[in-house]
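Structure, as structure tokens:
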Amino acid sequence: MKKYFLLLLILLSGCSTMSIESYRESTPRFILEDYFVGQTQAWGIFQGRNGQVERQFTVDITGRMEDDKLILEEDFLYTDGKRDRRVWTITKLDEHTYQGQAADVVGVASGKSFGNALNWSYTMDLPYKDGTVKVKFDDWMFLQPDGILINKAKMTKFGIYLGEVTLVFQK
């Protein structure tokens, strides 16, 4: 019986979620629209369920403000030579809340920011074989000293873990 209780405890602890408000006092303070205005570079990897790195890429990002909206133009270059582009339009709703849209995002991305952290939640329509597949993202960004931003995004489909994207941004 103790074995089953311990197993249940381990499984339940793996289901806990982080709280964005717990980063309220963390510094440096991350203000999305301030950080991304101008030129930013990023380096990233995608790891599948088993942790194996399946793709590597770089991103050149240009950000600008238009009518109180942050426009982010992201140009991706993958190590296999493939290129991709995503344009985000991000609106700040209040001190802590954001909404974002992009052509491959289903509906609206919602974000919350406290302290040095930002958490995005969205569904993306990703290319897969001869079509696309809708994948849910739980996306966390953490601003570090010297303008370094670390981003980890977990991908799921029907609650099943598919993999993780890790990015490092530098101004």
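Naming works like this for the structure tokens: A, B, ... for the chains as they're shown, residue 1 at the start of each chain, ligands 1 onward in shown order.
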Counting only C-alpha atoms, what is within 7 Å of region 129-142 of chain A, bar same-chain residues fewer than 3 positions away, as a ChimeraX atom specification? /A:116-126,149-157
Could you take the residues named above and write them with C-alpha atoms, as an mmCIF file, in the first residue's frame?
```
data_model
loop_
_atom_site.group_PDB
_atom_site.id
_atom_site.type_symbol
_atom_site.label_atom_id
_atom_site.label_comp_id
_atom_site.auth_asym_id
_atom_site.auth_seq_id
_atom_site.Cartn_x
_atom_site.Cartn_y
_atom_site.Cartn_z
ATOM 1 C CA ASN A 116 11.110 38.772 -14.479
ATOM 2 C CA ALA A 117 8.689 36.173 -15.905
ATOM 3 C CA LEU A 118 6.050 35.936 -18.606
ATOM 4 C CA ASN A 119 3.788 32.944 -19.257
ATOM 5 C CA TRP A 120 2.034 32.498 -22.606
ATOM 6 C CA SER A 121 -0.687 29.965 -23.342
ATOM 7 C CA TYR A 122 -1.753 29.301 -26.923
ATOM 8 C CA THR A 123 -2.541 26.714 -29.562
ATOM 9 C CA MET A 124 -0.484 26.686 -32.730
ATOM 10 C CA ASP A 125 -1.261 25.037 -36.051
ATOM 11 C CA LEU A 126 2.112 23.433 -36.925
ATOM 12 C CA LEU A 149 16.005 36.104 -21.966
ATOM 13 C CA ILE A 150 15.478 32.351 -21.482
ATOM 14 C CA ASN A 151 12.361 30.756 -22.988
ATOM 15 C CA LYS A 152 11.042 27.218 -22.398
ATOM 16 C CA ALA A 153 7.837 26.055 -24.045
ATOM 17 C CA LYS A 154 6.226 22.676 -23.412
ATOM 18 C CA MET A 155 4.139 21.256 -26.250
ATOM 19 C CA THR A 156 1.154 18.957 -25.706
ATOM 20 C CA LYS A 157 -1.620 17.385 -27.763
#
```
Pick out each residue of region 22-89 of chain A that DSSP on the backbone tags as strand (DSSP E); I need them as a ChimeraX atom specification. /A:38-48,53-66,69-78,83-89
Which polymer residues have any atom within 9 Å of an atom of Glu21 (chain A), counting only C-alpha atoms, with same-chain residues fewer than 3 positions away left out, as a PDB file with C-alpha atoms, in the first residue's frame?
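New file selection_13.pdb:
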```
ATOM      1  CA  MET A  18       3.853  26.992 -11.828  1.00  0.00           C
ATOM      2  CA  ARG A  24       6.266  39.060  -8.590  1.00  0.00           C
ATOM      3  CA  GLU A  25       9.469  40.111  -6.745  1.00  0.00           C
ATOM      4  CA  LYS A 112       0.596  37.129 -17.914  1.00  0.00           C
ATOM      5  CA  SER A 113       3.734  38.844 -16.647  1.00  0.00           C
ATOM      6  CA  PHE A 114       5.048  39.369 -13.111  1.00  0.00           C
ATOM      7  CA  GLY A 115       8.598  40.285 -12.066  1.00  0.00           C
ATOM      8  CA  ALA A 117       8.689  36.173 -15.905  1.00  0.00           C
TER       9      ALA A 117
END
```
For region 99-102 of chain A, list every protein, DNA or RNA residue within 8 Å, evaluated using only C-alpha atoms, and leave out those in the same chain fewer than 3 positions away; present the list as a PyMOL selection string. chain A and resi 86-93+105+107-111
Prev. selection, N, CA and C atoms, output as a CSV table (one decimal), in the first residue's frame:
```
chain,number,residue,atom,x,y,z
A,86,ARG,N,7.3,34.3,-38.8
A,86,ARG,CA,6.0,34.5,-38.0
A,86,ARG,C,6.0,36.0,-37.6
A,87,VAL,N,4.8,36.5,-37.8
A,87,VAL,CA,4.6,37.9,-37.3
A,87,VAL,C,3.6,37.9,-36.2
A,88,TRP,N,4.0,38.4,-35.1
A,88,TRP,CA,3.1,38.5,-33.9
A,88,TRP,C,2.6,39.9,-33.8
A,89,THR,N,1.3,40.1,-33.4
A,89,THR,CA,0.7,41.4,-33.0
A,89,THR,C,0.3,41.2,-31.6
A,90,ILE,N,0.9,41.9,-30.7
A,90,ILE,CA,0.7,41.8,-29.2
A,90,ILE,C,0.1,43.0,-28.7
A,91,THR,N,-0.9,42.9,-27.9
A,91,THR,CA,-1.6,44.0,-27.2
A,91,THR,C,-1.5,43.8,-25.7
A,92,LYS,N,-1.1,44.9,-25.0
A,92,LYS,CA,-1.0,44.9,-23.6
A,92,LYS,C,-2.4,45.4,-23.1
A,93,LEU,N,-3.0,44.5,-22.3
A,93,LEU,CA,-4.4,44.8,-21.8
A,93,LEU,C,-4.4,45.5,-20.5
A,105,VAL,N,-1.3,30.9,-35.1
A,105,VAL,CA,-1.9,30.7,-33.8
A,105,VAL,C,-3.4,30.6,-33.9
A,107,GLY,N,-6.9,31.2,-32.7
A,107,GLY,CA,-7.5,32.1,-31.8
A,107,GLY,C,-6.5,33.1,-31.3
A,108,VAL,N,-6.5,33.3,-30.0
A,108,VAL,CA,-5.7,34.4,-29.3
A,108,VAL,C,-4.8,33.7,-28.3
A,109,ALA,N,-3.5,34.1,-28.3
A,109,ALA,CA,-2.5,33.7,-27.2
A,109,ALA,C,-2.8,34.6,-26.0
A,110,SER,N,-2.8,34.1,-24.8
A,110,SER,CA,-2.9,34.9,-23.6
A,110,SER,C,-1.7,34.8,-22.8
A,111,GLY,N,-1.3,36.0,-22.3
A,111,GLY,CA,0.0,36.0,-21.5
A,111,GLY,C,-0.2,36.8,-20.2
```
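Note that CA of Tyr35 (chain A) and CA of Gly163 (chain A) are 26.8 Å apart.
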Nearest candidate to Val37 (chain A) (options A:Ile20, A:Leu143, A:Leu70, A:Asn50; using only C-alpha atoms): A:Leu70
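Across A:Thr166, A:Thr17, A:Thr62, A:Gln52, the tightest approach to Asp75 (chain A) is made by A:Thr62 when counting only C-alpha atoms.
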Pick out the closest residue to Val168 (chain A) from this set: A:Ile148, A:Leu72, A:Arg64, A:Arg29. Count only C-alpha atoms. A:Ile148
Give me, as a PyMOL selection string, all polymer residues having an atom no more than 12 Å from Gln170 (chain A), counting only C-alpha atoms and skipping those fewer than 4 positions away in the same chain. chain A and resi 35-36+38-44+58-61+143-151
Just C-alpha atoms for this one: save the residues we selected as a short mmCIF file (atom, residue, chain, number, x, y, z; two decimals), in the first residue's frame.
```cif
data_model
loop_
_atom_site.label_atom_id
_atom_site.label_comp_id
_atom_site.auth_asym_id
_atom_site.auth_seq_id
_atom_site.Cartn_x
_atom_site.Cartn_y
_atom_site.Cartn_z
CA TYR A 35 12.50 44.24 -24.37
CA PHE A 36 11.49 43.41 -27.94
CA GLY A 38 14.39 46.97 -31.94
CA GLN A 39 16.60 44.05 -32.99
CA THR A 40 16.87 40.81 -31.01
CA GLN A 41 18.57 37.50 -31.81
CA ALA A 42 17.65 34.05 -30.53
CA TRP A 43 19.10 30.55 -30.65
CA GLY A 44 16.84 27.56 -30.09
CA THR A 58 18.28 30.79 -35.04
CA VAL A 59 15.78 33.65 -35.09
CA ASP A 60 16.27 37.28 -36.11
CA ILE A 61 13.55 39.43 -34.55
CA LEU A 143 14.63 37.78 -18.11
CA GLN A 144 18.17 37.49 -16.79
CA PRO A 145 20.76 40.19 -16.11
CA ASP A 146 22.54 41.72 -19.11
CA GLY A 147 19.49 41.42 -21.39
CA ILE A 148 19.50 37.63 -21.71
CA LEU A 149 16.00 36.10 -21.97
CA ILE A 150 15.48 32.35 -21.48
CA ASN A 151 12.36 30.76 -22.99
#
```
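For the pair CA of Glu33 (chain A) and CA of His96 (chain A), the separation is 11.8 Å.
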Judged by only C-alpha atoms, the minimum distance to Phe76 (chain A) among A:Ala103, A:Ile45, A:Leu32, A:Ile160 is found for A:Ile45
Alpha helix (DSSP H) positions in chain A, given as a list in words: Lys2, Lys3, Tyr4, Phe5, Leu6, Leu7, Leu8, Leu9, Ile10, Leu11, Leu12, Ser13, Gly14, Leu32, Glu33, Asp34, Tyr35 and Phe36 of chain A
